[in-house]
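*Asks:* After the C-alpha cells below, expect a handful of questions from me.
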Amino acid sequence: MIQVSHLVEAMERIAPTQYAEAWDNVGLLVGDPHQKIRRILLTIDYTRAVAAEVRQKRCDAVVAYHPPIFNPLKRLPADNLIFDAISRGVAIYSPHTALDVADGGTNDLLADVLGLENRAPLRQIEPKSIQYKLVTFVPRDHLDSVSKALFNAGAGQIGDYSHCSFRSAGTGTFFGQPGTNPAVGRRGHLEQVDEVRLETIVPISKIQSILSALRTAHPYEEPAYDLLLTAPVSENKGQGRIGDLKPIDRRGVIQKIKKTLGLKHLLVAGPTTGTITRAAVCAGSCGDLLQDARNQKAQLYLTGEMRHHDALLAAQEGMTIVCTLHSNSERAVLKRLQQKLLRELRGIKIIRSQNDADPFKILP
C-alpha cells in the first residue's frame, strides 16, 4: 500500500509536469495526497465505462491520460463522474502533454513504431524556470537547525545530490522599533549580529512549504530572505518527433504502423508508394505542427487526426499523412507507462483499462 503522493512523485519522475503545455491541466486533479491506495487503473479517457471498471476492480486511483477536468467546473451534480470519483475516494491523475514531451513517452513511442533515428522534437518548447535560489541570513548558533528544516521541506536538491547549500559568514544589523521582541539584543538599539548567509535551491512547486519551514525554524520574528528566480536553460524538449529512416517504401511503413499499434484501419492522405527517408510523428490532434513537419522535410507524418484542409495541403505537396484516429495514437503508451510505474511503485497492482477505446469506429 502506498499514498497518492507516492503516485504523484512517480509520475513526476516519468513525465515532469513542468514540460506540459501552458494550456493543459495536468497533475493530481482529484484526491487527497495522503490517501492510501492499493490498485491503479490506467486509461486514456475517464468515461462511464471506465468508471464502472474502476468500481468492479476496486481501484482507488486512476491515471487518465486526457484530463477529465479541463475547463472550470461550475456544478458537480451526483451523476457527474468527478462527483462519483470524489464520493468513492478515487484519486485521478492526468499526465497528458507532459507524457507527450517526456523521454520514452507518447511521442517517443510513435517514433519507435517508425524506427526514427537521429530524432529530435518536432517543435521545441520554450524553457521555463523551475526553481528559485533562496538566500537567508541566520545566526550562527541556529544555522544547523534552520538548514535542516529547509532541506526536510524539499530545498537543496540538485540532480542526485541533496542538502546542497552555500554558506558565508558576515555581520547582520538591525534596529528594533517599539513593539518588537528581538531574539537577539534589545529593541531600541542598533544591533550587530554574527550571521551566516545561507543559499540553497528551492523548487517552485515547494516554495510555500519551504518558506513556512524557514519562518518556523528561524529564531527571528521577521527572518530576512531573498528569492531569486533562476534563468531557464534551453533543453532539447518539445512536442512531436522528427527523424530519419532507413530507406523504406511508404506502403511498408503503413503496414508497420497498423501491426505495431494493433489497428485494422488507418486514414491516409497523399502518396501510398515510393521510398521515404524522413518522417515526423505527433500523438493526438497535431495539425498545428504540420508546418513544422513541412519545414523539416518530413515525407510522412503520423498523427491521430488532422483537419481536412491541412491534410489536403500536405497531400498536394507529396507528403503522406497517416491518421490513426485521435486516441489510437496515444493508447499504446499505456503499456509502457504501466511498466514504468511497476518499477517505481513496487508491490502495487497497476492495470490497464479494458473498457477504454476510441469513440469512433469504422463500420463496414
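Ligands are numbered from 1 in the order shown, chains are lettered A, B, ... in the order of the C-alpha cells, and residues start at 1 in each chain.
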Where does stretch 75-122 of chain A meet stretch 259-270 of chain A within 10 Å, residue by residue, with the nearest atom pair and distance in Å to one decimal for each, counting only C-alpha atoms, listed by chain and rising number, as JSON lines?
*Replies:*
```
{"residue": "A:Leu110", "atom": "CA", "partner": "A:Leu261", "partner_atom": "CA", "distance": 9.0}
{"residue": "A:Asp112", "atom": "CA", "partner": "A:Thr260", "partner_atom": "CA", "distance": 9.7}
{"residue": "A:Val113", "atom": "CA", "partner": "A:Thr260", "partner_atom": "CA", "distance": 6.5}
{"residue": "A:Leu114", "atom": "CA", "partner": "A:Thr260", "partner_atom": "CA", "distance": 9.3}
```
*Asks:* Using only C-alpha atoms, find each residue of stretch 134-247 of chain A with at least one atom at most 10 Å away from an atom of stretch 293-304 of chain A; report its shortest atom-to-atom pair and that distance in Å (one decimal), sort the rows by chain and rising residue number, and return the result as JSON lines.
*Replies:*
```
{"residue": "A:Gly240", "atom": "CA", "partner": "A:Thr303", "partner_atom": "CA", "distance": 9.1}
{"residue": "A:Arg241", "atom": "CA", "partner": "A:Ala293", "partner_atom": "CA", "distance": 9.1}
{"residue": "A:Ile242", "atom": "CA", "partner": "A:Ala298", "partner_atom": "CA", "distance": 7.4}
{"residue": "A:Gly243", "atom": "CA", "partner": "A:Ala298", "partner_atom": "CA", "distance": 8.2}
{"residue": "A:Asp244", "atom": "CA", "partner": "A:Ala298", "partner_atom": "CA", "distance": 8.8}
```
*Asks:* Can I get the selection written as a PDB file, in the first residue's frame, with N, CA and C atoms?
*Replies:*
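Result file follows (result-v4.pdb):
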```
ATOM      1  N   GLY A 240       6.022  16.284 -30.372  1.00  0.00           N
ATOM      2  CA  GLY A 240       6.279  15.567 -31.603  1.00  0.00           C
ATOM      3  C   GLY A 240       7.723  15.115 -31.715  1.00  0.00           C
ATOM      4  N   ARG A 241       8.001  14.366 -32.776  1.00  0.00           N
ATOM      5  CA  ARG A 241       9.371  13.930 -33.068  1.00  0.00           C
ATOM      6  C   ARG A 241       9.582  13.969 -34.576  1.00  0.00           C
ATOM      7  N   ILE A 242      10.809  14.293 -34.982  1.00  0.00           N
ATOM      8  CA  ILE A 242      11.214  14.286 -36.387  1.00  0.00           C
ATOM      9  C   ILE A 242      12.526  13.520 -36.451  1.00  0.00           C
ATOM     10  N   GLY A 243      12.696  12.710 -37.496  1.00  0.00           N
ATOM     11  CA  GLY A 243      13.929  11.941 -37.590  1.00  0.00           C
ATOM     12  C   GLY A 243      14.084  11.262 -38.933  1.00  0.00           C
ATOM     13  N   ASP A 244      15.156  10.496 -39.033  1.00  0.00           N
ATOM     14  CA  ASP A 244      15.498   9.824 -40.277  1.00  0.00           C
ATOM     15  C   ASP A 244      15.077   8.362 -40.242  1.00  0.00           C
TER      16      ASP A 244
END
```
*Asks:* Compare A:Glu235, A:Asp45, A:Glu126, A:Asp79 by their minimum atom-to-atom distance to A:Ala22, counting only C-alpha atoms, and give me the closest one.
*Replies:*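 Closest to A:Ala22, using only C-alpha atoms: A:Glu126.
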*Asks:* Quick one: residues within 9 Å of A:Val54, only C-alpha atoms counted, chain neighbours fewer than 4 positions away excluded, as a list in words?
*Replies:*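 Those residues are Ile40, Leu41, Ala49, Val50, Arg58, Cys59, Asp60, Ala61, Val62, Val90 and Ser353 of chain A.
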*Asks:* Keeping only N, CA and C atoms, write the selected residues to a file as an mmCIF file, in the first residue's frame.
*Replies:*
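This went into part-v7.cif:
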```
data_model
loop_
_atom_site.group_PDB
_atom_site.id
_atom_site.type_symbol
_atom_site.label_atom_id
_atom_site.label_comp_id
_atom_site.auth_asym_id
_atom_site.auth_seq_id
_atom_site.Cartn_x
_atom_site.Cartn_y
_atom_site.Cartn_z
ATOM 1 N N ILE A 40 -4.170 0.743 -9.101
ATOM 2 C CA ILE A 40 -4.195 1.895 -10.004
ATOM 3 C C ILE A 40 -4.621 1.418 -11.390
ATOM 4 N N LEU A 41 -5.568 2.111 -11.985
ATOM 5 C CA LEU A 41 -6.018 1.780 -13.335
ATOM 6 C C LEU A 41 -5.528 2.845 -14.305
ATOM 7 N N ALA A 49 -17.875 3.989 -18.756
ATOM 8 C CA ALA A 49 -17.484 2.580 -18.828
ATOM 9 C C ALA A 49 -16.214 2.320 -18.028
ATOM 10 N N VAL A 50 -15.277 3.249 -18.081
ATOM 11 C CA VAL A 50 -14.043 3.102 -17.318
ATOM 12 C C VAL A 50 -14.315 3.248 -15.826
ATOM 13 N N ARG A 58 -12.115 -2.557 -8.014
ATOM 14 C CA ARG A 58 -11.779 -1.984 -6.698
ATOM 15 C C ARG A 58 -10.476 -1.179 -6.746
ATOM 16 N N CYS A 59 -10.347 -0.371 -7.785
ATOM 17 C CA CYS A 59 -9.188 0.519 -7.889
ATOM 18 C C CYS A 59 -9.473 1.798 -7.095
ATOM 19 N N ASP A 60 -8.451 2.339 -6.488
ATOM 20 C CA ASP A 60 -8.640 3.575 -5.725
ATOM 21 C C ASP A 60 -7.862 4.745 -6.308
ATOM 22 N N ALA A 61 -7.246 4.537 -7.480
ATOM 23 C CA ALA A 61 -6.575 5.638 -8.187
ATOM 24 C C ALA A 61 -6.618 5.354 -9.680
ATOM 25 N N VAL A 62 -6.699 6.419 -10.452
ATOM 26 C CA VAL A 62 -6.754 6.333 -11.911
ATOM 27 C C VAL A 62 -5.720 7.295 -12.488
ATOM 28 N N VAL A 90 -11.773 7.961 -5.094
ATOM 29 C CA VAL A 90 -10.907 7.571 -6.206
ATOM 30 C C VAL A 90 -10.084 8.786 -6.647
ATOM 31 N N SER A 353 -6.930 -0.356 -18.496
ATOM 32 C CA SER A 353 -8.376 -0.476 -18.681
ATOM 33 C C SER A 353 -8.696 -1.358 -19.885
#
```
*Asks:* Can you measure atom CA of A:Leu7 to atom CA of A:Leu345 for me? One decimal in Å is fine.
*Replies:*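 So the two atoms, atom CA of A:Leu7 and atom CA of A:Leu345, lie 7.5 Å apart.
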*Asks:* Determine, counting only C-alpha atoms, which protein, DNA and RNA residues have an atom within 7 Å of an atom of A:Ala149; residues of the same chain fewer than 3 positions away are not included. Present the result as a VMD selection string.
*Replies:* chain A and resid 145 to 146 152 to 153 213 to 214 217
